[in-house]
Amino acid sequence: MLVDIENLRIAFESNGKRFEAVRGVSFKLEARQKLGIVGESGSGKSITARALMRLLPPQAQVTADRMRFDGIDIQSQSEREMRKLRGGRAGFILQDPKYSLNPVKTIGNQIAEAWRTHNKGGKKEAREAALDLLEQVMIRDPKRVLDAYPHEISGGMGQRAMIAMMLAPNPTLLIADEPTSALDASVEAEILRLIDELVDTRNMGLLLISHDLPLVSHFCDKVSVMYMGQVMEELAAGELAQAKHPYTQGLLNCLPSLDHPRTDLPVLTRDPSWLEEKAQ
Amino acid sequence: MNQRAKSFAATLGSVLVTLFGLSVITFMIGRVMPVDPVLAAVGDNAPADVVAAARAAMGLDDPLVVQYWSYISNVLQGDLGQSVLTRNPVVSDIAHYFPATLEMATLALILATLLGVPAGIVAAVKRGSLTDQIIRVVCIAGHSVPVFVLALLGLLIFYVGLDLVPGPGRQGFIYDGMVPTVTGILLIDSLLAGDMGAFWDAAHHLALPVLILAYFSMAYITRMTRAFMLDALKGEFIISARAKGLSGWKVVMGHAFPNVAVQLITVLALTYAGLLEGAVITETVFAWPGLGQYLTTALMNGDMNPVVGTTLVIGAIYVGLNLLADILYRVFDPRVK
């Protein structure tokens, strides 16, 4: 079992008011399995992933009955041990390379730094490793990118560099937090295909966070649908058409189709009772 | 490359325009001040025809444009006129007084940077903690109490009360004029002369004014560093640096600080300029024989050439440091290239 989360709750407190952003989320991910987490903005999918890496700000109150990564209890790990996991055993790809890459450091240095944090080796070896990784993510002109600054390359190339950086220490799990929502639609498919290929060839597990239901089901084995900090439904990717939960059905219904064009798209209906029955 | 050259040319152009504006303003100051340079030169009791002859000889009957032209051509040839008070050319007076100001301001800037930047980083990283609060209180005190009050308090406590530092002045009288002037900077000149007594005496005299000025500047540097760092630490690239498994210290110094360093260059350059020009008050309190004191003495005596000349020089230094910050910005920020 790669990831095992049971009853995860994340709350933030501000001005004496407590807000629970994640309310009892559970999911499991086997080795080499691909799980998609789908939901609207603010449904809690991103902070769920960040909680797994303990990357939330200290104000966040995180509790869970169980939160394990590869058998390791995340909650009881020291910060030093967490650092070995972060990057080393789980890579974390963020949304927009324009903001997630350091603007004043070269791509090569940023990848080499990730490599050197988890491998023993000198600067020269790290640089060679960085070049090799850039080749693996099939970036155009890897030698130029190595010495380029983030603003000198395109968004798609930036995301490839980000992937290379997170693959540097050979992780067993890849978490991708909306890795394509800042990119053009044509680049989006390329990047997802690349992630898919790398996950397969490197035998990694994948946690793909997105708001695009059909896209995720295309790349993942199973899909978890989140709404207001709770998991509404978890289903195998192939069974999307047989989704039982009204929220999932509603999401699918909102998608315009080229084959069956409709003049009006239905408005997504939300029922407060969905949350009550889960909370109990 | 062409783009770079173009933007550099634009910067240089704006510097030239600023310098032109500066020269016009300082020239006008010399003309609108209710001080008659003729009377200052010939004396109060001179007969009217002598005054008129002197006025004509000084070119003051000419139209303002002509006067400005002769003024600026003199300035460009390094002639700022003569001081009535010292009977020296203003340029050689400035060359004589400026090193004292430079020595004090430079030491103050170095000290303020060495203390202020780390304090700002720590305050930002430990935001809201007791350390942050303490740093904030120290900085508010340094920034809100006028520098002359700090200076007088400093003299009262450390000179009058505790007798830890020597009183006002730059040198003890036994060392006065003992060290041959090479750079005008006493710490360097005394070392060049091998006179350790004079060196420690100069250092002793520098201690309090440098501390006061450094404290004042440090408050500003700390506040700006903290604000810049808080901003940088919010960046998404901080999350990705942490997701790589870097330690907290490496994230702060290796990822957040490099983003801040460029902005800090501008802050430091402006602080330095402020120290050089703002030393006027401190120099008065400490009887420091620097540019500020030269300026105030001339001003009090209606000696206009030194006033105009010193103002021009200080303004030019300000513009020069701004240009330097601009150049360093281009060198250190990859995004500007």
# chains A, B, ... in the order shown; residues from 1 in each chain; ligands from 1
call {"tool": "interface_residues", "arguments": {"of": "chain A", "to": "chain B", "cutoff": "10 Å", "atoms": "only C-alpha atoms", "output": "PyMOL selection string"}}
result
chain A and resi 50+53-56+79-106+110-111+113-115+117-118+148-152+162+165-169
call {"tool": "write_last_selection", "arguments": {"atoms": "N, CA and C atoms", "output": "short mmCIF file (atom, residue, chain, number, x, y, z; two decimals), in the first residue's frame"}}
result
data_model
loop_
_atom_site.label_atom_id
_atom_site.label_comp_id
_atom_site.auth_asym_id
_atom_site.auth_seq_id
_atom_site.Cartn_x
_atom_site.Cartn_y
_atom_site.Cartn_z
N ARG A 50 -1.28 18.28 -0.16
CA ARG A 50 -0.20 18.95 0.59
C ARG A 50 -0.08 18.41 2.01
N MET A 53 2.14 15.43 2.24
CA MET A 53 3.58 15.77 2.24
C MET A 53 3.93 16.68 3.41
N ARG A 54 2.97 16.96 4.24
CA ARG A 54 3.12 17.91 5.36
C ARG A 54 3.68 19.25 4.88
N LEU A 55 3.08 19.77 3.83
CA LEU A 55 3.53 21.04 3.26
C LEU A 55 2.58 22.18 3.60
N LEU A 56 1.63 21.92 4.50
CA LEU A 56 0.68 22.99 4.84
C LEU A 56 1.31 23.96 5.83
N GLU A 79 10.50 16.36 11.32
CA GLU A 79 10.67 17.20 10.13
C GLU A 79 11.84 16.70 9.28
N ARG A 80 12.90 16.23 9.93
CA ARG A 80 14.08 15.73 9.23
C ARG A 80 13.72 14.49 8.40
N GLU A 81 12.92 13.61 9.00
CA GLU A 81 12.53 12.40 8.26
C GLU A 81 11.58 12.75 7.11
N MET A 82 10.73 13.76 7.35
CA MET A 82 9.82 14.19 6.30
C MET A 82 10.58 14.69 5.08
N ARG A 83 11.72 15.37 5.36
CA ARG A 83 12.50 15.93 4.25
C ARG A 83 13.03 14.83 3.34
N LYS A 84 13.30 13.64 3.94
CA LYS A 84 13.78 12.53 3.11
C LYS A 84 12.66 12.01 2.20
N LEU A 85 11.44 12.06 2.74
CA LEU A 85 10.29 11.61 1.95
C LEU A 85 9.98 12.60 0.84
N ARG A 86 9.93 13.88 1.22
CA ARG A 86 9.62 14.91 0.23
C ARG A 86 10.68 14.91 -0.86
N GLY A 87 10.22 14.81 -2.06
CA GLY A 87 11.19 14.80 -3.16
C GLY A 87 11.82 13.44 -3.30
N GLY A 88 12.37 12.91 -2.20
CA GLY A 88 13.07 11.63 -2.27
C GLY A 88 12.17 10.47 -2.66
N ARG A 89 11.03 10.34 -1.97
CA ARG A 89 10.16 9.21 -2.28
C ARG A 89 8.84 9.63 -2.87
N ALA A 90 8.52 10.91 -2.77
CA ALA A 90 7.31 11.40 -3.40
C ALA A 90 7.60 12.74 -4.06
N GLY A 91 7.38 12.80 -5.36
CA GLY A 91 7.57 14.06 -6.08
C GLY A 91 6.25 14.82 -6.12
N PHE A 92 6.35 16.14 -6.15
CA PHE A 92 5.14 16.97 -6.06
C PHE A 92 5.19 18.01 -7.17
N ILE A 93 4.32 17.84 -8.15
CA ILE A 93 4.31 18.79 -9.27
C ILE A 93 3.21 19.82 -9.04
N LEU A 94 3.58 21.08 -9.08
CA LEU A 94 2.60 22.13 -8.82
C LEU A 94 1.99 22.65 -10.12
N GLN A 95 1.00 23.51 -9.91
CA GLN A 95 0.15 23.93 -11.01
C GLN A 95 0.84 24.73 -12.11
N ASP A 96 1.44 25.86 -11.73
CA ASP A 96 1.89 26.80 -12.76
C ASP A 96 3.40 27.00 -12.68
N PRO A 97 4.15 26.50 -13.69
CA PRO A 97 5.61 26.62 -13.63
C PRO A 97 6.08 28.06 -13.57
N LYS A 98 5.23 29.00 -13.98
CA LYS A 98 5.61 30.41 -13.93
C LYS A 98 5.86 30.85 -12.48
N TYR A 99 5.12 30.23 -11.54
CA TYR A 99 5.27 30.60 -10.14
C TYR A 99 6.00 29.54 -9.32
N SER A 100 5.97 28.27 -9.79
CA SER A 100 6.52 27.21 -8.95
C SER A 100 8.01 27.00 -9.19
N LEU A 101 8.57 27.61 -10.25
CA LEU A 101 10.03 27.56 -10.43
C LEU A 101 10.60 28.88 -9.93
N ASN A 102 11.76 28.80 -9.29
CA ASN A 102 12.37 30.01 -8.73
C ASN A 102 12.87 30.91 -9.86
N PRO A 103 12.35 32.14 -9.94
CA PRO A 103 12.66 33.01 -11.08
C PRO A 103 14.13 33.41 -11.20
N VAL A 104 14.89 33.37 -10.12
CA VAL A 104 16.26 33.87 -10.22
C VAL A 104 17.30 32.75 -10.23
N LYS A 105 16.87 31.51 -10.40
CA LYS A 105 17.83 30.40 -10.48
C LYS A 105 17.62 29.67 -11.81
N THR A 106 18.72 29.18 -12.37
CA THR A 106 18.58 28.51 -13.66
C THR A 106 17.88 27.16 -13.47
N GLN A 110 18.22 24.27 -10.44
CA GLN A 110 17.09 23.84 -9.63
C GLN A 110 16.92 22.32 -9.69
N ILE A 111 17.16 21.74 -10.86
CA ILE A 111 17.06 20.27 -10.97
C ILE A 111 18.24 19.62 -10.24
N GLU A 113 19.88 20.74 -7.80
CA GLU A 113 19.70 20.87 -6.36
C GLU A 113 18.82 19.74 -5.82
N ALA A 114 17.75 19.43 -6.56
CA ALA A 114 16.87 18.33 -6.14
C ALA A 114 17.64 17.01 -6.15
N TRP A 115 18.47 16.82 -7.17
CA TRP A 115 19.24 15.59 -7.28
C TRP A 115 20.23 15.47 -6.13
N THR A 117 20.13 16.84 -3.23
CA THR A 117 19.52 16.72 -1.91
C THR A 117 19.33 15.25 -1.53
N HIS A 118 19.11 14.41 -2.53
CA HIS A 118 18.81 13.02 -2.23
C HIS A 118 19.84 12.03 -2.76
N ALA A 148 19.04 28.03 -18.83
CA ALA A 148 18.04 29.08 -19.01
C ALA A 148 17.35 29.38 -17.68
N TYR A 149 16.85 30.60 -17.58
CA TYR A 149 16.03 30.97 -16.42
C TYR A 149 14.57 30.69 -16.77
N PRO A 150 13.73 30.46 -15.73
CA PRO A 150 12.34 30.09 -16.00
C PRO A 150 11.61 31.03 -16.96
N HIS A 151 11.92 32.33 -16.93
CA HIS A 151 11.18 33.23 -17.81
C HIS A 151 11.60 33.11 -19.27
N GLU A 152 12.69 32.38 -19.50
CA GLU A 152 13.18 32.26 -20.88
C GLU A 152 12.60 31.06 -21.62
N MET A 162 9.81 21.13 -14.42
CA MET A 162 9.30 20.84 -13.08
C MET A 162 9.21 19.33 -12.86
N MET A 165 12.59 17.92 -12.36
CA MET A 165 13.09 18.25 -11.03
C MET A 165 12.53 17.28 -9.99
N MET A 166 11.24 16.94 -10.13
CA MET A 166 10.61 16.07 -9.14
C MET A 166 10.96 14.60 -9.36
N LEU A 167 11.43 14.27 -10.56
CA LEU A 167 11.83 12.89 -10.81
C LEU A 167 13.27 12.64 -10.39
N ALA A 168 14.01 13.73 -10.18
CA ALA A 168 15.46 13.62 -9.94
C ALA A 168 15.84 12.56 -8.91
N PRO A 169 15.17 12.49 -7.76
CA PRO A 169 15.60 11.49 -6.77
C PRO A 169 14.93 10.13 -6.92
#
call {"tool": "residues_around", "arguments": {"residues": "Leu198 of chain A", "least_positions_apart": "2", "cutoff": "12 Å", "atoms": "only C-alpha atoms", "output": "VMD selection string"}}
result
chain A and resid 32 133 136 to 138 160 163 to 164 166 to 167 170 to 174 191 to 196 200 to 206
call {"tool": "write_last_selection", "arguments": {"atoms": "N, CA, C and O atoms", "output": "compact mmCIF listing (two decimals), in the first residue's frame"}}
result
# COMPACT_ATOMS: atom_id res chain seq x y z
N ARG A 32 2.07 1.50 -8.00
CA ARG A 32 1.84 1.49 -9.44
C ARG A 32 0.40 1.75 -9.84
O ARG A 32 0.01 1.52 -10.96
N LEU A 133 17.93 14.12 -17.05
CA LEU A 133 16.51 14.20 -16.70
C LEU A 133 15.74 15.06 -17.70
O LEU A 133 14.62 14.72 -18.08
N GLN A 136 15.04 13.01 -20.51
CA GLN A 136 13.97 12.04 -20.24
C GLN A 136 12.58 12.65 -20.35
O GLN A 136 11.62 11.97 -20.69
N VAL A 137 12.45 13.94 -20.01
CA VAL A 137 11.13 14.55 -20.13
C VAL A 137 10.93 15.11 -21.55
O VAL A 137 9.98 15.84 -21.81
N MET A 138 11.85 14.75 -22.44
CA MET A 138 11.75 15.06 -23.88
C MET A 138 11.55 16.55 -24.14
O MET A 138 10.68 16.96 -24.89
N ARG A 160 7.66 20.66 -18.00
CA ARG A 160 8.56 19.52 -18.21
C ARG A 160 9.77 19.61 -17.27
O ARG A 160 10.21 18.62 -16.69
N ILE A 163 8.72 18.62 -13.87
CA ILE A 163 8.60 17.16 -13.76
C ILE A 163 10.01 16.55 -13.61
O ILE A 163 10.24 15.69 -12.75
N ALA A 164 10.95 17.04 -14.42
CA ALA A 164 12.33 16.54 -14.35
C ALA A 164 12.88 16.74 -12.94
O ALA A 164 13.54 15.87 -12.37
N MET A 166 11.24 16.94 -10.13
CA MET A 166 10.61 16.07 -9.14
C MET A 166 10.96 14.60 -9.36
O MET A 166 10.80 13.78 -8.46
N LEU A 167 11.43 14.27 -10.56
CA LEU A 167 11.83 12.89 -10.81
C LEU A 167 13.27 12.64 -10.39
O LEU A 167 13.70 11.49 -10.28
N ASN A 170 14.24 9.87 -8.04
CA ASN A 170 13.60 8.57 -8.26
C ASN A 170 12.50 8.24 -7.26
O ASN A 170 12.57 7.21 -6.57
N PRO A 171 11.47 9.03 -7.19
CA PRO A 171 10.41 8.78 -6.21
C PRO A 171 9.53 7.59 -6.60
O PRO A 171 9.53 7.15 -7.75
N THR A 172 8.79 7.06 -5.61
CA THR A 172 7.88 5.96 -5.89
C THR A 172 6.45 6.46 -6.07
O THR A 172 5.58 5.72 -6.51
N LEU A 173 6.24 7.71 -5.68
CA LEU A 173 4.90 8.30 -5.86
C LEU A 173 5.06 9.67 -6.51
O LEU A 173 5.95 10.43 -6.16
N LEU A 174 4.19 9.96 -7.45
CA LEU A 174 4.19 11.28 -8.06
C LEU A 174 2.83 11.93 -7.76
O LEU A 174 1.79 11.35 -8.08
N ILE A 191 1.67 16.96 -21.91
CA ILE A 191 2.22 16.85 -20.56
C ILE A 191 1.62 15.65 -19.84
O ILE A 191 2.31 14.87 -19.20
N LEU A 192 0.28 15.48 -19.98
CA LEU A 192 -0.36 14.36 -19.31
C LEU A 192 0.15 13.03 -19.85
O LEU A 192 0.39 12.09 -19.10
N ARG A 193 0.36 12.97 -21.17
CA ARG A 193 0.87 11.75 -21.77
C ARG A 193 2.28 11.46 -21.23
O ARG A 193 2.63 10.32 -20.93
N LEU A 194 3.06 12.53 -21.11
CA LEU A 194 4.42 12.38 -20.58
C LEU A 194 4.39 11.85 -19.15
O LEU A 194 5.11 10.89 -18.81
N ILE A 195 3.53 12.45 -18.32
CA ILE A 195 3.43 11.99 -16.93
C ILE A 195 3.01 10.52 -16.91
O ILE A 195 3.60 9.69 -16.20
N ASP A 196 2.03 10.19 -17.74
CA ASP A 196 1.52 8.83 -17.82
C ASP A 196 2.64 7.85 -18.17
O ASP A 196 2.81 6.80 -17.54
N ASP A 200 4.46 4.96 -15.79
CA ASP A 200 4.48 3.55 -16.18
C ASP A 200 5.90 2.98 -16.22
O ASP A 200 6.18 1.93 -15.63
N THR A 201 6.82 3.68 -16.89
CA THR A 201 8.16 3.13 -17.05
C THR A 201 8.93 3.10 -15.72
O THR A 201 9.79 2.26 -15.53
N ARG A 202 8.61 4.03 -14.81
CA ARG A 202 9.35 4.07 -13.55
C ARG A 202 8.60 3.36 -12.43
O ARG A 202 9.01 3.47 -11.25
N ASN A 203 7.49 2.72 -12.77
CA ASN A 203 6.71 1.97 -11.77
C ASN A 203 6.30 2.83 -10.57
O ASN A 203 6.36 2.40 -9.43
N MET A 204 5.90 4.04 -10.86
CA MET A 204 5.49 4.93 -9.77
C MET A 204 3.98 4.84 -9.55
O MET A 204 3.24 4.40 -10.43
N GLY A 205 3.53 5.28 -8.40
CA GLY A 205 2.12 5.52 -8.19
C GLY A 205 1.83 6.96 -8.57
O GLY A 205 2.73 7.80 -8.54
N LEU A 206 0.59 7.25 -8.94
CA LEU A 206 0.26 8.62 -9.35
C LEU A 206 -0.98 9.10 -8.63
O LEU A 206 -1.98 8.39 -8.52
call {"tool": "atom_distance", "arguments": {"atom1": "atom CA of Gly42 of chain A", "atom2": "atom CA of Val251 of chain B"}}
result
27.3 Å
call {"tool": "residues_around", "arguments": {"residues": "Val331 of chain B", "least_positions_apart": "4", "cutoff": "12 Å", "atoms": "only C-alpha atoms", "output": "list of chain:residue names"}}
result
A:Val104, B:Arg4, B:Phe8, B:Ala261, B:Val262, B:Ile265, B:Leu324, B:Ala325, B:Asp326, B:Ile327, B:Arg335, B:Val336, B:Lys337
call {"tool": "write_last_selection", "arguments": {"atoms": "C-alpha atoms", "output": "compact mmCIF listing (two decimals), in the first residue's frame"}}
result
# COMPACT_ATOMS: atom_id res chain seq x y z
CA VAL A 104 16.26 33.87 -10.22
CA ARG B 4 20.01 46.06 -23.48
CA PHE B 8 20.89 51.47 -20.81
CA ALA B 261 18.70 40.50 -2.87
CA VAL B 262 18.04 42.54 -6.00
CA ILE B 265 20.42 46.70 -3.62
CA LEU B 324 24.75 52.36 -9.61
CA ALA B 325 21.72 50.56 -8.14
CA ASP B 326 20.21 50.46 -11.60
CA ILE B 327 23.36 48.93 -13.08
CA ARG B 335 14.85 38.78 -15.63
CA VAL B 336 16.04 42.29 -16.53
CA LYS B 337 18.53 41.08 -19.14
call {"tool": "select_by_dssp", "arguments": {"residues": "segment 122-262 of chain A", "states": "alpha helix (DSSP H)", "output": "ChimeraX atom specification"}}
result
/A:123-136,142-146,155-167,185-201,213-219,246-253
call {"tool": "write_last_selection", "arguments": {"atoms": "C-alpha atoms", "output": "PDB file, in the first residue's frame"}}
result
ATOM      1  CA  LYS A 123      28.253  19.492  -8.760  1.00  0.00           C
ATOM      2  CA  LYS A 124      29.387  18.069 -12.054  1.00  0.00           C
ATOM      3  CA  GLU A 125      27.515  14.812 -11.592  1.00  0.00           C
ATOM      4  CA  ALA A 126      24.411  16.699 -10.527  1.00  0.00           C
ATOM      5  CA  ARG A 127      24.588  18.790 -13.675  1.00  0.00           C
ATOM      6  CA  GLU A 128      24.930  15.696 -15.819  1.00  0.00           C
ATOM      7  CA  ALA A 129      21.995  14.126 -13.996  1.00  0.00           C
ATOM      8  CA  ALA A 130      19.958  17.277 -14.633  1.00  0.00           C
ATOM      9  CA  LEU A 131      20.732  17.154 -18.352  1.00  0.00           C
ATOM     10  CA  ASP A 132      19.821  13.469 -18.438  1.00  0.00           C
ATOM     11  CA  LEU A 133      16.511  14.203 -16.696  1.00  0.00           C
ATOM     12  CA  LEU A 134      15.708  16.997 -19.120  1.00  0.00           C
ATOM     13  CA  GLU A 135      16.276  14.521 -21.940  1.00  0.00           C
ATOM     14  CA  GLN A 136      13.970  12.041 -20.242  1.00  0.00           C
ATOM     15  CA  PRO A 142      17.886  20.358 -23.216  1.00  0.00           C
ATOM     16  CA  LYS A 143      21.393  21.889 -23.269  1.00  0.00           C
ATOM     17  CA  ARG A 144      19.964  25.372 -23.682  1.00  0.00           C
ATOM     18  CA  VAL A 145      17.245  24.814 -21.077  1.00  0.00           C
ATOM     19  CA  LEU A 146      19.854  23.717 -18.550  1.00  0.00           C
ATOM     20  CA  GLY A 155       4.925  27.164 -19.919  1.00  0.00           C
ATOM     21  CA  GLY A 156       4.958  23.659 -21.382  1.00  0.00           C
ATOM     22  CA  MET A 157       8.756  23.496 -21.175  1.00  0.00           C
ATOM     23  CA  GLY A 158       8.583  24.871 -17.650  1.00  0.00           C
ATOM     24  CA  GLN A 159       6.242  22.097 -16.604  1.00  0.00           C
ATOM     25  CA  ARG A 160       8.556  19.517 -18.207  1.00  0.00           C
ATOM     26  CA  ALA A 161      11.430  21.023 -16.221  1.00  0.00           C
ATOM     27  CA  MET A 162       9.297  20.845 -13.077  1.00  0.00           C
ATOM     28  CA  ILE A 163       8.604  17.160 -13.762  1.00  0.00           C
ATOM     29  CA  ALA A 164      12.326  16.541 -14.348  1.00  0.00           C
ATOM     30  CA  MET A 165      13.089  18.247 -11.030  1.00  0.00           C
ATOM     31  CA  MET A 166      10.612  16.075  -9.143  1.00  0.00           C
ATOM     32  CA  LEU A 167      11.827  12.886 -10.814  1.00  0.00           C
ATOM     33  CA  ALA A 185      -5.057  22.706 -24.313  1.00  0.00           C
ATOM     34  CA  SER A 186      -2.648  21.325 -26.928  1.00  0.00           C
ATOM     35  CA  VAL A 187       0.253  21.270 -24.464  1.00  0.00           C
ATOM     36  CA  GLU A 188      -2.007  19.828 -21.782  1.00  0.00           C
ATOM     37  CA  ALA A 189      -2.414  16.489 -23.586  1.00  0.00           C
ATOM     38  CA  GLU A 190       1.366  16.278 -24.213  1.00  0.00           C
ATOM     39  CA  ILE A 191       2.224  16.846 -20.561  1.00  0.00           C
ATOM     40  CA  LEU A 192      -0.361  14.358 -19.305  1.00  0.00           C
ATOM     41  CA  ARG A 193       0.867  11.746 -21.767  1.00  0.00           C
ATOM     42  CA  LEU A 194       4.423  12.378 -20.580  1.00  0.00           C
ATOM     43  CA  ILE A 195       3.425  11.987 -16.925  1.00  0.00           C
ATOM     44  CA  ASP A 196       1.522   8.828 -17.818  1.00  0.00           C
ATOM     45  CA  GLU A 197       4.517   7.330 -19.633  1.00  0.00           C
ATOM     46  CA  LEU A 198       6.993   8.212 -16.899  1.00  0.00           C
ATOM     47  CA  VAL A 199       4.750   6.790 -14.216  1.00  0.00           C
ATOM     48  CA  ASP A 200       4.481   3.546 -16.180  1.00  0.00           C
ATOM     49  CA  THR A 201       8.161   3.127 -17.046  1.00  0.00           C
ATOM     50  CA  LEU A 213     -13.399  14.521 -14.778  1.00  0.00           C
ATOM     51  CA  PRO A 214     -13.242  12.794 -18.195  1.00  0.00           C
ATOM     52  CA  LEU A 215      -9.584  13.709 -18.664  1.00  0.00           C
ATOM     53  CA  VAL A 216      -8.621  12.211 -15.318  1.00  0.00           C
ATOM     54  CA  SER A 217     -10.631   9.051 -15.889  1.00  0.00           C
ATOM     55  CA  HIS A 218      -8.750   8.633 -19.151  1.00  0.00           C
ATOM     56  CA  PHE A 219      -5.367   8.591 -17.399  1.00  0.00           C
ATOM     57  CA  PRO A 246     -26.010  12.813  -8.097  1.00  0.00           C
ATOM     58  CA  TYR A 247     -23.016  15.189  -7.803  1.00  0.00           C
ATOM     59  CA  THR A 248     -20.868  13.101 -10.147  1.00  0.00           C
ATOM     60  CA  GLN A 249     -23.792  12.742 -12.524  1.00  0.00           C
ATOM     61  CA  GLY A 250     -24.325  16.476 -12.316  1.00  0.00           C
ATOM     62  CA  LEU A 251     -20.658  17.190 -13.157  1.00  0.00           C
ATOM     63  CA  LEU A 252     -20.786  14.863 -16.153  1.00  0.00           C
ATOM     64  CA  ASN A 253     -24.046  16.408 -17.288  1.00  0.00           C
TER      65      ASN A 253
END
call {"tool": "residues_around", "arguments": {"residues": "segment 311-320 of chain B", "least_positions_apart": "3", "cutoff": "9 Å", "atoms": "only C-alpha atoms", "output": "list in words"}}
result
Val15, Thr18, Leu19, Leu22, Ser23, Ile25, Thr26, Phe27, Ile94, Ala269, Leu270, Tyr272, Ala273, Gly274, Leu276, Glu277, Leu295, Pro306, Val307, Val308, Leu323, Leu324 and Ala325 of chain B
call {"tool": "atom_distance", "arguments": {"atom1": "atom CA of Thr282 of chain B", "atom2": "atom CA of Ala108 of chain B"}}
result
12.0 Å
call {"tool": "closest_residue", "arguments": {"among": "A:Gly16, A:Gly36, A:Pro256, A:Pro266", "to": "Leu235 of chain A", "atoms": "only C-alpha atoms"}}
result
A:Gly36
call {"tool": "residues_around", "arguments": {"residues": "Arg68 of chain A", "least_positions_apart": "6", "cutoff": "6 Å", "atoms": "only C-alpha atoms", "output": "list in words"}}
result
Val3, Asp4 and Ile74 of chain A
call {"tool": "write_last_selection", "arguments": {"atoms": "all heavy atoms", "output": "short mmCIF file (atom, residue, chain, number, x, y, z; two decimals), in the first residue's frame"}}
result
data_model
loop_
_atom_site.label_atom_id
_atom_site.label_comp_id
_atom_site.auth_asym_id
_atom_site.auth_seq_id
_atom_site.Cartn_x
_atom_site.Cartn_y
_atom_site.Cartn_z
N VAL A 3 -0.28 4.69 -0.45
CA VAL A 3 -0.90 5.74 0.35
C VAL A 3 -2.15 5.18 1.01
O VAL A 3 -2.94 4.48 0.37
CB VAL A 3 -1.29 6.96 -0.51
CG1 VAL A 3 -1.92 8.04 0.36
CG2 VAL A 3 -0.08 7.51 -1.24
N ASP A 4 -2.29 5.46 2.29
CA ASP A 4 -3.46 4.99 3.01
C ASP A 4 -3.92 6.10 3.94
O ASP A 4 -3.29 6.37 4.96
CB ASP A 4 -3.08 3.72 3.81
CG ASP A 4 -4.30 3.11 4.49
OD1 ASP A 4 -5.41 3.67 4.33
OD2 ASP A 4 -4.13 2.10 5.19
N ILE A 74 2.84 9.29 8.59
CA ILE A 74 3.24 10.66 8.27
C ILE A 74 3.15 11.58 9.50
O ILE A 74 4.00 12.43 9.72
CB ILE A 74 2.32 11.23 7.16
CG1 ILE A 74 2.56 10.49 5.85
CG2 ILE A 74 2.54 12.72 6.96
CD1 ILE A 74 3.90 10.70 5.25
#
call {"tool": "residues_around", "arguments": {"residues": "Gly238 of chain A", "least_positions_apart": "4", "cutoff": "10 Å", "atoms": "only C-alpha atoms", "output": "list in words"}}
result
Ser217, His218, Cys220, Asp221, Lys222, Val223 and Gln242 of chain A
call {"tool": "write_last_selection", "arguments": {"atoms": "all heavy atoms", "output": "tab-separated table (two decimals), in the first residue's frame"}}
result
chain	number	residue	atom	x	y	z
A	217	SER	N	-10.23	10.45	-15.78
A	217	SER	CA	-10.63	9.05	-15.89
A	217	SER	C	-9.91	8.38	-17.05
A	217	SER	O	-9.71	7.17	-17.06
A	217	SER	CB	-12.14	8.95	-16.06
A	217	SER	OG	-12.52	9.60	-17.25
A	218	HIS	N	-9.48	9.17	-18.01
A	218	HIS	CA	-8.75	8.63	-19.15
A	218	HIS	C	-7.35	8.18	-18.74
A	218	HIS	O	-6.81	7.23	-19.28
A	218	HIS	CB	-8.68	9.71	-20.23
A	218	HIS	CG	-8.09	9.24	-21.51
A	218	HIS	ND1	-6.80	9.53	-21.89
A	218	HIS	CD2	-8.62	8.48	-22.50
A	218	HIS	CE1	-6.55	8.97	-23.05
A	218	HIS	NE2	-7.62	8.33	-23.46
A	220	CYS	N	-6.32	7.63	-15.35
A	220	CYS	CA	-6.20	6.98	-14.04
A	220	CYS	C	-6.94	5.66	-13.97
A	220	CYS	O	-7.77	5.35	-14.82
A	220	CYS	CB	-6.74	7.91	-12.96
A	220	CYS	SG	-5.72	9.37	-12.78
A	221	ASP	N	-6.62	4.88	-12.93
A	221	ASP	CA	-7.32	3.61	-12.70
A	221	ASP	C	-8.63	3.86	-11.97
A	221	ASP	O	-9.62	3.21	-12.24
A	221	ASP	CB	-6.44	2.66	-11.87
A	221	ASP	CG	-5.09	2.47	-12.50
A	221	ASP	OD1	-5.03	2.37	-13.74
A	221	ASP	OD2	-4.08	2.46	-11.77
A	222	LYS	N	-8.57	4.75	-11.00
A	222	LYS	CA	-9.82	5.07	-10.29
A	222	LYS	C	-9.88	6.56	-9.99
A	222	LYS	O	-8.86	7.26	-9.97
A	222	LYS	CB	-9.94	4.23	-9.01
A	222	LYS	CG	-8.77	4.33	-8.07
A	222	LYS	CD	-9.00	3.49	-6.84
A	222	LYS	CE	-7.90	3.69	-5.83
A	222	LYS	NZ	-8.18	3.03	-4.55
A	223	VAL	N	-11.10	7.02	-9.77
A	223	VAL	CA	-11.32	8.44	-9.58
A	223	VAL	C	-12.09	8.67	-8.29
A	223	VAL	O	-13.03	7.95	-7.98
A	223	VAL	CB	-12.15	9.02	-10.76
A	223	VAL	CG1	-12.41	10.49	-10.56
A	223	VAL	CG2	-11.45	8.77	-12.07
A	242	GLN	N	-21.46	4.93	-15.21
A	242	GLN	CA	-22.42	4.34	-14.26
A	242	GLN	C	-22.35	5.03	-12.90
A	242	GLN	O	-22.75	4.42	-11.89
A	242	GLN	CB	-22.15	2.84	-14.09
A	242	GLN	CG	-22.47	2.00	-15.31
A	242	GLN	CD	-21.25	1.80	-16.19
A	242	GLN	OE1	-20.19	1.44	-15.70
A	242	GLN	NE2	-21.39	2.06	-17.49
